[in-house]
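Novice: mmCIF, C-alpha atoms, saved as target.cif, coming up:
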```cif
data_data
#
loop_
_atom_site.label_atom_id
_atom_site.label_comp_id
_atom_site.auth_asym_id
_atom_site.auth_seq_id
_atom_site.Cartn_x
_atom_site.Cartn_y
_atom_site.Cartn_z
CA MET A 1 24.06 114.86 -36.79
CA PRO A 2 22.24 116.30 -33.75
CA PRO A 3 18.88 114.89 -32.67
CA ARG A 4 15.89 116.17 -34.64
CA LEU A 5 12.15 115.67 -34.83
CA ALA A 6 10.85 113.47 -37.62
CA ASP A 7 7.53 111.99 -38.59
CA PRO A 8 7.13 108.36 -37.53
CA ASP A 9 8.78 106.37 -40.32
CA ILE A 10 9.57 102.73 -41.01
CA ARG A 11 13.31 103.47 -41.13
CA TYR A 12 13.18 104.10 -37.34
CA ARG A 13 10.81 101.20 -36.66
CA ASP A 14 13.36 98.79 -35.19
CA GLY A 15 14.53 101.40 -32.68
CA PHE A 16 10.94 102.28 -31.81
CA VAL A 17 10.04 98.63 -31.22
CA ALA A 18 13.18 98.17 -29.09
CA ALA A 19 12.21 101.29 -27.10
CA LEU A 20 8.73 99.89 -26.45
CA ARG A 21 10.28 96.68 -25.15
CA GLU A 22 12.87 98.40 -22.93
CA GLY A 23 10.43 100.93 -21.52
CA LEU A 24 9.31 103.99 -23.38
CA HIS A 25 6.22 104.84 -21.34
CA LEU A 26 5.41 104.38 -17.67
CA GLU A 27 2.80 101.77 -18.59
CA PRO A 28 4.30 98.88 -20.56
CA ALA A 29 3.22 98.68 -24.19
CA ALA A 30 0.81 95.88 -25.08
CA GLU A 31 2.62 93.02 -26.80
CA GLU A 32 -0.09 93.11 -29.49
CA ASP A 33 0.82 96.74 -30.32
CA ILE A 34 4.55 95.96 -30.33
CA ARG A 35 4.02 93.05 -32.74
CA LEU A 36 1.84 95.20 -35.01
CA ALA A 37 4.49 97.94 -35.19
CA GLU A 38 7.11 95.29 -35.89
CA THR A 39 5.25 93.33 -38.58
CA ASP A 40 2.86 95.87 -40.14
CA PHE A 41 4.18 99.38 -39.56
CA GLY A 42 1.59 100.94 -41.88
CA GLY A 43 -1.17 99.16 -39.98
CA TRP A 44 0.27 100.34 -36.68
CA LEU A 45 0.36 103.95 -37.93
CA ALA A 46 -3.23 103.70 -39.20
CA LYS A 47 -4.37 102.32 -35.83
CA ARG A 48 -2.44 105.04 -33.94
CA ASN A 49 -4.03 107.80 -36.02
CA ASP A 50 -7.55 106.35 -36.21
CA LEU A 51 -9.79 108.98 -34.59
CA THR A 52 -12.76 106.60 -34.58
CA ARG A 53 -10.93 104.20 -32.24
CA ALA A 54 -11.71 104.72 -28.56
CA VAL A 55 -9.01 105.24 -25.94
CA VAL A 56 -9.32 103.02 -22.86
CA LEU A 57 -8.66 104.95 -19.65
CA PRO A 58 -6.94 103.50 -16.55
CA ASP A 59 -10.34 102.94 -14.92
CA GLY A 60 -11.60 101.01 -17.97
CA ARG A 61 -13.84 103.73 -19.41
CA GLN A 62 -13.53 104.56 -23.10
CA VAL A 63 -13.35 108.06 -24.60
CA ARG A 64 -13.02 109.44 -28.12
CA LYS A 65 -9.56 110.25 -29.40
CA VAL A 66 -8.72 113.84 -30.22
CA PRO A 67 -6.55 114.95 -33.15
CA GLN A 68 -2.89 114.50 -32.32
CA ARG A 69 0.39 114.92 -34.17
CA ASP A 70 3.26 112.63 -33.18
CA PHE A 71 6.92 113.32 -33.79
CA TRP A 72 9.85 111.04 -33.12
CA LEU A 73 13.15 112.32 -31.81
CA VAL A 74 15.87 110.66 -33.86
CA ALA A 75 19.63 110.93 -34.25
CA GLU A 76 20.92 109.41 -37.47
CA GLU A 77 18.73 106.30 -37.73
CA ASN A 78 18.30 105.91 -33.96
CA PHE A 79 14.93 106.36 -32.26
CA LEU A 80 15.31 108.32 -28.99
CA GLY A 81 11.81 109.38 -27.99
CA VAL A 82 8.35 110.48 -28.97
CA VAL A 83 6.49 113.74 -28.45
CA SER A 84 2.81 114.36 -29.17
CA PHE A 85 0.93 117.61 -29.73
CA ARG A 86 -2.82 117.88 -29.13
CA PRO A 87 -4.30 121.29 -30.00
CA GLN A 88 -7.67 120.32 -28.48
CA LEU A 89 -8.29 118.71 -25.11
CA ASN A 90 -11.14 116.54 -23.89
CA ASP A 91 -12.09 116.14 -20.22
CA HIS A 92 -9.64 113.29 -19.70
CA LEU A 93 -6.70 115.11 -21.33
CA MET A 94 -7.44 118.10 -19.09
CA LYS A 95 -6.54 115.80 -16.17
CA ARG A 96 -3.87 113.57 -17.73
CA GLY A 97 -2.01 114.08 -20.97
CA GLY A 98 -2.49 117.76 -21.75
CA ASN A 99 -1.50 119.46 -24.99
CA ILE A 100 2.02 118.03 -25.09
CA GLY A 101 3.19 114.62 -24.00
CA TYR A 102 6.68 113.21 -24.37
CA ALA A 103 8.58 110.04 -23.55
CA VAL A 104 12.27 109.16 -23.84
CA ARG A 105 13.32 105.55 -24.27
CA ALA A 106 14.81 104.09 -21.09
CA SER A 107 18.33 103.74 -22.50
CA ALA A 108 18.43 107.41 -23.59
CA ARG A 109 17.17 109.10 -20.42
CA ARG A 110 19.08 111.78 -18.49
CA LYS A 111 20.70 113.15 -21.63
CA GLY A 112 18.52 116.23 -22.17
CA TYR A 113 16.20 114.72 -24.78
CA GLY A 114 13.01 115.38 -22.81
CA ARG A 115 13.96 119.04 -22.41
CA LEU A 116 14.82 119.25 -26.11
CA MET A 117 11.49 117.73 -27.22
CA LEU A 118 9.45 119.94 -24.91
CA GLY A 119 11.26 123.07 -26.10
CA LEU A 120 10.68 122.18 -29.76
CA MET A 121 7.00 121.47 -29.11
CA LEU A 122 6.48 124.73 -27.22
CA ASP A 123 7.67 126.52 -30.39
CA TYR A 124 5.35 124.31 -32.45
CA ALA A 125 2.38 125.09 -30.18
CA ARG A 126 3.14 128.82 -30.35
CA LYS A 127 3.18 128.67 -34.17
CA ALA A 128 -0.10 126.72 -34.05
CA GLY A 129 -1.69 129.70 -32.29
CA LEU A 130 -1.95 128.44 -28.72
CA GLU A 131 -1.40 130.98 -25.95
CA LYS A 132 -0.75 128.39 -23.24
CA VAL A 133 -0.33 124.63 -23.00
CA LEU A 134 -1.18 122.07 -20.37
CA ILE A 135 1.44 119.45 -19.54
CA THR A 136 0.98 116.70 -16.99
CA CYS A 137 3.20 114.14 -15.29
CA HIS A 138 3.01 111.66 -12.43
CA ASP A 139 3.63 113.13 -9.00
CA GLU A 140 6.86 111.17 -8.50
CA ASN A 141 8.37 111.72 -11.97
CA ALA A 142 11.26 113.90 -10.82
CA GLY A 143 12.78 114.13 -14.30
CA SER A 144 9.62 115.47 -15.94
CA ILE A 145 8.89 117.79 -13.03
CA LYS A 146 12.33 119.35 -13.48
CA ILE A 147 11.89 119.62 -17.27
CA ILE A 148 8.41 121.16 -17.08
CA GLU A 149 9.28 123.62 -14.32
CA GLY A 150 12.50 124.51 -16.16
CA ALA A 151 10.42 125.41 -19.22
CA GLY A 152 8.28 127.80 -17.16
CA GLY A 153 5.58 125.37 -16.08
CA VAL A 154 3.38 126.64 -13.26
CA LEU A 155 1.78 123.93 -11.15
CA GLN A 156 -1.99 124.30 -11.15
CA ASP A 157 -2.78 121.31 -8.96
CA LYS A 158 -2.49 117.58 -8.44
CA VAL A 159 -5.42 115.36 -9.37
CA ASN A 160 -6.21 111.77 -8.50
CA ILE A 161 -7.28 109.64 -11.43
CA ALA A 162 -9.24 106.44 -11.03
CA GLY A 163 -7.05 103.45 -11.86
CA LEU A 164 -3.73 105.22 -11.19
CA ALA A 165 -1.75 104.85 -7.99
CA LEU A 166 -0.12 108.30 -8.14
CA PRO A 167 -1.66 111.75 -8.48
CA GLU A 168 -1.09 113.58 -11.74
CA ARG A 169 0.54 117.03 -11.63
CA ARG A 170 -1.00 119.59 -14.00
CA TYR A 171 1.19 122.44 -15.23
CA TRP A 172 0.44 125.40 -17.50
CA ILE A 173 3.10 127.03 -19.64
CA ALA A 174 2.33 130.45 -21.12
CA LEU A 175 3.50 130.85 -24.68
#
```
Can I see the file as structure tokens?

Specialist:
Amino acid sequence: MPPRLADPDIRYRDGFVAALREGLHLEPAAEEDIRLAETDFGGWLAKRNDLTRAVVLPDGRQVRKVPQRDFWLVAEENFLGVVSFRPQLNDHLMKRGGNIGYAVRASARRKGYGRLMLGLMLDYARKAGLEKVLITCHDENAGSIKIIEGAGGVLQDKVNIAGLALPERRYWIAL
């Protein structure tokens, strides 16, 4: 069965937890979050989707969460990656994060999964009524730069973000 998007589900939990441990995101996952996903998946989902919970930025500031829909890329029962869609952006997401964010687990990189997830989410964003989307990545993330530019991303600029060593590239993709 080819890879497909699915809602986060306990049947993929073990693969998700393994992906967090091996490196899913640039910043390592907090051990507390990994343990919560492992031992109380429902609690982890509730925490992930809790819009009243603040997000801590790299510089330590806290901002309100915005509505977000997460999908997991899975093949059979294997977790391969995560992609998030945010129809609304706050000031921070305008600099880092954008409308669509994706991550492929370390052991599944360089197999086209990032390109697949982005393509599926561009269709999703189009159906949601957006005319363009913002996508960001670190300045030295050659894989994401190639994926975003291959999908029609036009570089707007690079911004420095307090607490991060590398500038963030900001791309717009017209839908």

Novice: Identify all residues satisfying the PyMOL selection byres ((chain A and resi 117) around 8) in the given file; provide them as a ChimeraX atom specification.

Specialist: /A:5,73,83,102,113-116,118-121

Novice: Hey, which of A:Arg53, A:Arg4, A:Arg169, A:Arg11 ends up closest to Arg96 of chain A? Count all atoms listed in the file.

Specialist: A:Arg169

Novice: What's the 9 Å shell around Val159 of chain A, counting all atoms listed in the file, without same-chain residues fewer than 6 positions away, as a PDB file with C-alpha atoms, in the coordinates of the input?

Specialist:
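That gives us around_9.pdb:
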```
ATOM      1  CA  LYS A  95      -6.540 115.800 -16.170  1.00  0.00           C
ATOM      2  CA  ARG A  96      -3.870 113.570 -17.730  1.00  0.00           C
ATOM      3  CA  LEU A 166      -0.120 108.300  -8.140  1.00  0.00           C
ATOM      4  CA  PRO A 167      -1.660 111.750  -8.480  1.00  0.00           C
ATOM      5  CA  GLU A 168      -1.090 113.580 -11.740  1.00  0.00           C
ATOM      6  CA  ARG A 169       0.540 117.030 -11.630  1.00  0.00           C
ATOM      7  CA  ARG A 170      -1.000 119.590 -14.000  1.00  0.00           C
TER       8      ARG A 170
END
```

Novice: Between atom CA of Ile100 of chain A and atom CA of Ala30 of chain A, what is the spacing in Å?

Specialist: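 Atom CA of Ile100 of chain A lies at a distance of 22.2 Å from atom CA of Ala30 of chain A.
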
Novice: Which of these residues is nearest to Leu164 of chain A, using all atoms listed in the file: A:Ala128, A:Ala103, A:Leu57, A:Val133?

Specialist: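 Closest to Leu164 of chain A, using all atoms listed in the file: A:Leu57.
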
Novice: Give the answer as one residue: which of A:Arg48, A:Arg35, A:His25, A:Arg69 has the shortest atom-to-atom distance to Asp7 of chain A, using only C-alpha atoms?

Specialist: A:Arg69

Novice: Figure out the distance between atom CA of Pro2 of chain A and atom CA of Gly97 of chain A, please, to one decimal in Å.

Specialist: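 Atom CA of Gly97 of chain A sits 27.5 Å away from atom CA of Pro2 of chain A.
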
Novice: Exactly which residues make up the result of the PyMOL selection byres ((chain A and resi 9) around 10) on this file, given as a list in words?

Specialist: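 This file gives the following for the PyMOL selection byres ((chain A and resi 9) around 10): Ala6, Asp7, Pro8, Ile10, Arg11, Tyr12, Arg13, Phe16, Phe41, Gly42, Leu45, Phe71 and Trp72 of chain A.
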
Novice: Take the PyMOL selection byres ((chain A and resi 78) around 9), apply it to the structure above, and return the hits as a VMD selection string.

Specialist: chain A and resid 12 14 to 16 73 to 77 79 to 80

Novice: Would you mind telling me which residue in A:Asp91, A:Asn49, A:Leu134, A:Val55 lies nearest to Leu155 of chain A when using only C-alpha atoms?

Specialist: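 The shortest atom-to-atom distance to Leu155 of chain A comes from A:Leu134.
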
Novice: Taking into account only C-alpha atoms, which residue in the set A:Leu36, A:Val17, A:Val56, A:Val104 is nearest to Ser144 of chain A?

Specialist: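 Going through A:Leu36, A:Val17, A:Val56, A:Val104 one by one, the smallest distance to Ser144 of chain A is for A:Val104.
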
Novice: At a cut-off of 7 Å around the point (3.8, 118.7, -19.9) (file coordinates), what residues fall inside when counting all atoms listed in the file? I'd like the answer as a PyMOL selection string.

Specialist: chain A and resi 98+100-101+134-137+148+171

Novice: Could those selected residues go to a file with C-alpha atoms, as a compact mmCIF listing (two decimals), keeping the file's coordinate frame?

Specialist:
```
# COMPACT_ATOMS: atom_id res chain seq x y z
CA GLY A 98 -2.49 117.76 -21.75
CA ILE A 100 2.02 118.03 -25.09
CA GLY A 101 3.19 114.62 -24.00
CA LEU A 134 -1.18 122.07 -20.37
CA ILE A 135 1.44 119.45 -19.54
CA THR A 136 0.98 116.70 -16.99
CA CYS A 137 3.20 114.14 -15.29
CA ILE A 148 8.41 121.16 -17.08
CA TYR A 171 1.19 122.44 -15.23
```

Novice: Have a look at A:Glu22, A:Phe85, A:Leu51, A:Arg64 and name the one nearest to Arg109 of chain A; count only C-alpha atoms.

Specialist: A:Glu22

Novice: Fewer than 2 positions away in the same chain doesn't count, so skip those; otherwise give me all residues within 12 Å of Ala165 of chain A, counting all atoms listed in the file, as a list in words.

Specialist: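 Contacts, with the query itself left out: Glu27, Pro58, Asp59, His138, Asp139, Glu140, Val159, Asn160, Ile161, Ala162, Gly163, Pro167 and Glu168 of chain A.
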
Novice: Find the distance between atom CA of Ile173 of chain A and atom CA of Leu93 of chain A and write it in Å to one decimal.

Specialist: 15.5 Å
